[in-house]
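Trainee: Would you mind keeping the following structure in view while I ask a few things?
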Amino acid sequence: MRNFSELELDSELLQAIEEIGYERPTAVQTEAIPHALDGRDVLASAPTGTGKTAAFLLPMLQHLQDFPRKKPGPARVLVLTPTRELAIQVADQARALAKYTSLKIFTITGGISYDEHAELLGKTQDIVVATPGRLMEYIEAERFDCRAIECLILDEADRMLDMGFGKIVERIHNECRWRRQSLLFSATLEGKGVRDFSQGILNEPVEVNAEPPRRERKKIHQFYYRCDDMAHKLALLQEVLKEADRTIIFVKTRERLAELRDQLASMKINCCWLQGEMAQASRNNTINRFRSGDINIMLATDVAARGIDLPDVSHVINFDMPRTADVYLHRIGRTARAGKKGTAVSLVEAHDQSQIERVSRYMKEDVPERFVEGMRPKHKKASTVKKKKKKDTKKKDAKGTAAKKKKVKK
Ligand code: AMP
C-alpha cells in the first residue's frame, strides 16, 4: 500500500498521521488495518519496530469515531501490555493519533497511586491501556467496569505469557465477554504457546504475518571489533561513539553498568542509564531525557530495556555480548526501526568469539569483523585457529581413510 489515504480512515486521523510524519503504512499496518476495520478478530505476528502499535490503534480510533458514544461512561477499548513503560508508550501514541478527535485515553498501571487512578476512574474514558495485574485489582474491587468494552487488544502477548500473566489475561478476557472484537499481537507465533492461548480468546481470527525480521534486519549494518582487554574495549567504544548519534550500549549486569558509567564519566561522555530495580520516577526520567534528545547515549541491561520503544536509535553497541542469539536479535532490533537505517556494533573479547559466530549462524547472515587502524587486536582469533586445525585433521583423516581403502582394494 502506498499511502494511508487508501485505508478508510477519517480525515482527523489522516491529519494526525501526516503530522507525526508517517509516510506510508508498514507491512503489518497494510495487512491488519483493513481486517480490523471490518470488525474481524486479528492474530498478528509483529515484533516491535514494525509499526504494530498504530496497526491496532488506528482501526480502534476509527471505530470510536464511527460509533461515537452517546453519553459519558467507562472505557470502550482496552489494550493490555506486559509492562508499564509499554503501556505509557502505547497511550502516548494513541493520544498523538487521536489529537484531532475528542477521544480520551488513559493508562492504568502499577507504580501509580490509587488516588491518581481514582480520579481517572470516575472520568469518561474511551481507550484504556493497562498492565494486567493492576487492572485486575481494580476489576476485583469493582472500580473498573468491563461491561462497556467493545474491543480487547493484547499487545506483546508472547511476553505477557512469558511474564506469567496468562491466567490474569484469561480472567480479563472473561470479564470483557460482551465485546465484539479482539486483536492479539505477538512478536512471534512460533511455538505452541501463543497460538494455543489465542484460541481461547479470539473468534475466527484473520492471521497476519508482518514477516519483517529478515527484511528489517537488512537495514541494520552489523559488524564487530575484537578486543584484547577492557582498556582496548573502552578505546574502541570511544571510537564508535565518535561516529554514533543516538546510541544504546548494552551491558550484561548492573555492576558492569556502574563500572562503565564511571568510565564514561571520566572520559567526559554524558550518558543516562536504565537498570533493574530503579524507582519508576527515575526510569521515566531517563527514558524522557533520551527520547527528547537531551542525552544521546543510554546504558542498559537487557532486563531493564525490556519493552521500551526508543525512536531514532542510530547505534546499538554490545559492550558485552548477550548470552543468546535471540537476545542479540532483540537488542539490535532497537535500531533501524520503521524503515530507518541503523548500525549494530559488538565488542568481542576472545571468550566471546564463539558467541558472535553462533549469532551469525542463527541469523544465517555473516557479521563481519572490522578494524580501527592503530587499534588492531593483538590476540589471534581463537575459533578460526581451531577450525583450521579441525580442517587439517579432517584432511589427514580423509587421506588416511583413502589410503586404507586403497590397501583394502589391493
Ligand atoms: P512499533 O512497532 O509500534 O513499536 O513502532 C515502531 C516505531 O515506528 C514507532 O516509533 C512508531 O512511531 C513508528 N511508526 C509506526 N508506523 C509507522 C509508519 N507507517 N511509518 C513510519 N514510522 C512508523
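Residue names in the C-alpha cells use chain letters A, B, ... in the order shown, residue numbers from 1 in each chain, and ligand numbers from 1 in the order shown.
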Please extract the residues at most 7 Å from ligand 1, counting only C-alpha atoms and all ligand atoms, and provide them as a count of residues only, using the chain letters and residue numbers of this document.
Mentor: 20
Trainee: Just want the 10 Å neighbourhood of region 79-83 of chain A, counted on only C-alpha atoms, with same-chain residues fewer than 5 positions away dropped. Output as a PyMOL selection string.
Mentor: chain A and resi 56-57+88+90-91+107-110+127-133+135+151-165+169+172+182-184+306-308
Trainee: Could you go through region 202-284 of chain A and tell me which residues DSSP, when run on the backbone, assigns to alpha helix (DSSP H), listing them as a PyMOL selection string?
Mentor: chain A and resi 213-218+230-243+254-266+280-284
Trainee: Can those selected residues be exported to a file as a compact mmCIF listing (two decimals), in the first residue's frame so that it contains N, CA, C and O atoms?
Mentor:
```txt
# COMPACT_ATOMS: atom_id res chain seq x y z
N PRO A 213 11.18 -9.49 10.24
CA PRO A 213 12.50 -9.50 10.85
C PRO A 213 13.65 -9.52 9.84
O PRO A 213 14.52 -8.68 9.90
N ARG A 214 13.58 -10.43 8.87
CA ARG A 214 14.73 -10.53 7.98
C ARG A 214 14.88 -9.26 7.14
O ARG A 214 15.95 -8.72 6.99
N ARG A 215 13.72 -8.80 6.64
CA ARG A 215 13.78 -7.61 5.80
C ARG A 215 14.27 -6.40 6.61
O ARG A 215 15.10 -5.63 6.18
N GLU A 216 13.71 -6.27 7.81
CA GLU A 216 14.09 -5.14 8.66
C GLU A 216 15.57 -5.23 9.01
O GLU A 216 16.26 -4.24 9.06
N ARG A 217 16.01 -6.46 9.26
CA ARG A 217 17.39 -6.66 9.69
C ARG A 217 18.38 -6.19 8.63
O ARG A 217 19.46 -5.74 8.93
N LYS A 218 17.94 -6.30 7.35
CA LYS A 218 18.82 -5.92 6.26
C LYS A 218 19.30 -4.47 6.39
O LYS A 218 20.35 -4.11 5.93
N MET A 230 39.91 -4.94 28.66
CA MET A 230 38.98 -3.85 29.00
C MET A 230 39.44 -2.51 28.43
O MET A 230 38.64 -1.75 27.88
N ALA A 231 40.74 -2.23 28.56
CA ALA A 231 41.24 -0.93 28.10
C ALA A 231 41.05 -0.80 26.58
O ALA A 231 40.61 0.24 26.08
N HIS A 232 41.33 -1.89 25.88
CA HIS A 232 41.17 -1.90 24.43
C HIS A 232 39.68 -1.72 24.07
O HIS A 232 39.33 -0.98 23.16
N LYS A 233 38.84 -2.40 24.83
CA LYS A 233 37.40 -2.33 24.61
C LYS A 233 36.90 -0.88 24.77
O LYS A 233 36.14 -0.38 23.95
N LEU A 234 37.37 -0.24 25.83
CA LEU A 234 36.95 1.14 26.09
C LEU A 234 37.42 2.08 24.99
O LEU A 234 36.69 2.97 24.57
N ALA A 235 38.65 1.84 24.53
CA ALA A 235 39.19 2.69 23.47
C ALA A 235 38.36 2.53 22.19
O ALA A 235 38.03 3.51 21.51
N LEU A 236 37.99 1.28 21.89
CA LEU A 236 37.17 1.04 20.69
C LEU A 236 35.77 1.65 20.86
O LEU A 236 35.21 2.22 19.92
N LEU A 237 35.26 1.52 22.07
CA LEU A 237 33.94 2.12 22.34
C LEU A 237 33.97 3.62 22.05
O LEU A 237 33.09 4.17 21.40
N GLN A 238 35.03 4.25 22.51
CA GLN A 238 35.17 5.69 22.28
C GLN A 238 35.18 6.01 20.78
O GLN A 238 34.57 6.98 20.35
N GLU A 239 35.85 5.16 20.02
CA GLU A 239 35.90 5.34 18.56
C GLU A 239 34.50 5.25 17.97
O GLU A 239 34.10 6.07 17.15
N VAL A 240 33.75 4.20 18.39
CA VAL A 240 32.40 4.01 17.85
C VAL A 240 31.53 5.21 18.20
O VAL A 240 30.77 5.72 17.37
N LEU A 241 31.68 5.69 19.43
CA LEU A 241 30.82 6.80 19.87
C LEU A 241 31.08 8.09 19.08
O LEU A 241 30.20 8.91 18.94
N LYS A 242 32.28 8.20 18.55
CA LYS A 242 32.59 9.40 17.74
C LYS A 242 31.69 9.47 16.52
O LYS A 242 31.31 10.52 16.06
N GLU A 243 31.39 8.28 15.96
CA GLU A 243 30.58 8.21 14.74
C GLU A 243 29.08 8.18 15.06
O GLU A 243 28.26 8.48 14.21
N ARG A 254 24.27 -5.18 36.28
CA ARG A 254 24.20 -3.85 36.89
C ARG A 254 25.57 -3.36 37.32
O ARG A 254 25.88 -2.18 37.22
N GLU A 255 26.37 -4.30 37.79
CA GLU A 255 27.73 -3.94 38.25
C GLU A 255 28.52 -3.40 37.07
O GLU A 255 29.21 -2.40 37.16
N ARG A 256 28.37 -4.09 35.95
CA ARG A 256 29.07 -3.68 34.75
C ARG A 256 28.60 -2.28 34.31
O ARG A 256 29.37 -1.45 33.86
N LEU A 257 27.31 -2.07 34.46
CA LEU A 257 26.74 -0.78 34.07
C LEU A 257 27.37 0.34 34.91
O LEU A 257 27.79 1.37 34.37
N ALA A 258 27.48 0.08 36.20
CA ALA A 258 28.06 1.10 37.10
C ALA A 258 29.51 1.37 36.71
O ALA A 258 29.96 2.53 36.66
N GLU A 259 30.22 0.30 36.41
CA GLU A 259 31.63 0.41 36.04
C GLU A 259 31.78 1.27 34.76
O GLU A 259 32.57 2.22 34.71
N LEU A 260 30.97 0.95 33.78
CA LEU A 260 31.07 1.66 32.50
C LEU A 260 30.63 3.12 32.64
O LEU A 260 31.21 4.02 32.03
N ARG A 261 29.61 3.32 33.47
CA ARG A 261 29.12 4.68 33.70
C ARG A 261 30.27 5.55 34.26
O ARG A 261 30.48 6.66 33.80
N ASP A 262 31.02 4.98 35.20
CA ASP A 262 32.14 5.72 35.77
C ASP A 262 33.22 5.97 34.72
O ASP A 262 33.80 7.05 34.65
N GLN A 263 33.48 4.96 33.91
CA GLN A 263 34.49 5.11 32.86
C GLN A 263 34.09 6.23 31.89
O GLN A 263 34.90 7.06 31.52
N LEU A 264 32.82 6.22 31.48
CA LEU A 264 32.36 7.25 30.54
C LEU A 264 32.45 8.63 31.18
O LEU A 264 32.84 9.60 30.53
N ALA A 265 32.10 8.68 32.46
CA ALA A 265 32.18 9.97 33.16
C ALA A 265 33.62 10.47 33.14
O ALA A 265 33.87 11.66 32.90
N SER A 266 34.58 9.56 33.34
CA SER A 266 35.98 10.00 33.36
C SER A 266 36.43 10.42 31.95
O SER A 266 37.39 11.17 31.81
N GLN A 280 10.45 4.11 39.71
CA GLN A 280 9.71 4.41 38.48
C GLN A 280 10.00 5.82 37.98
O GLN A 280 10.17 6.05 36.79
N ALA A 281 10.09 6.77 38.93
CA ALA A 281 10.31 8.16 38.51
C ALA A 281 11.64 8.31 37.79
O ALA A 281 11.73 9.00 36.77
N SER A 282 12.70 7.63 38.28
CA SER A 282 13.98 7.81 37.59
C SER A 282 14.01 7.06 36.26
O SER A 282 14.67 7.49 35.32
N ARG A 283 13.28 5.94 36.19
CA ARG A 283 13.17 5.25 34.88
C ARG A 283 12.54 6.20 33.87
O ARG A 283 13.06 6.40 32.78
N ASN A 284 11.39 6.78 34.26
CA ASN A 284 10.69 7.68 33.34
C ASN A 284 11.58 8.85 32.95
O ASN A 284 11.62 9.26 31.80
```
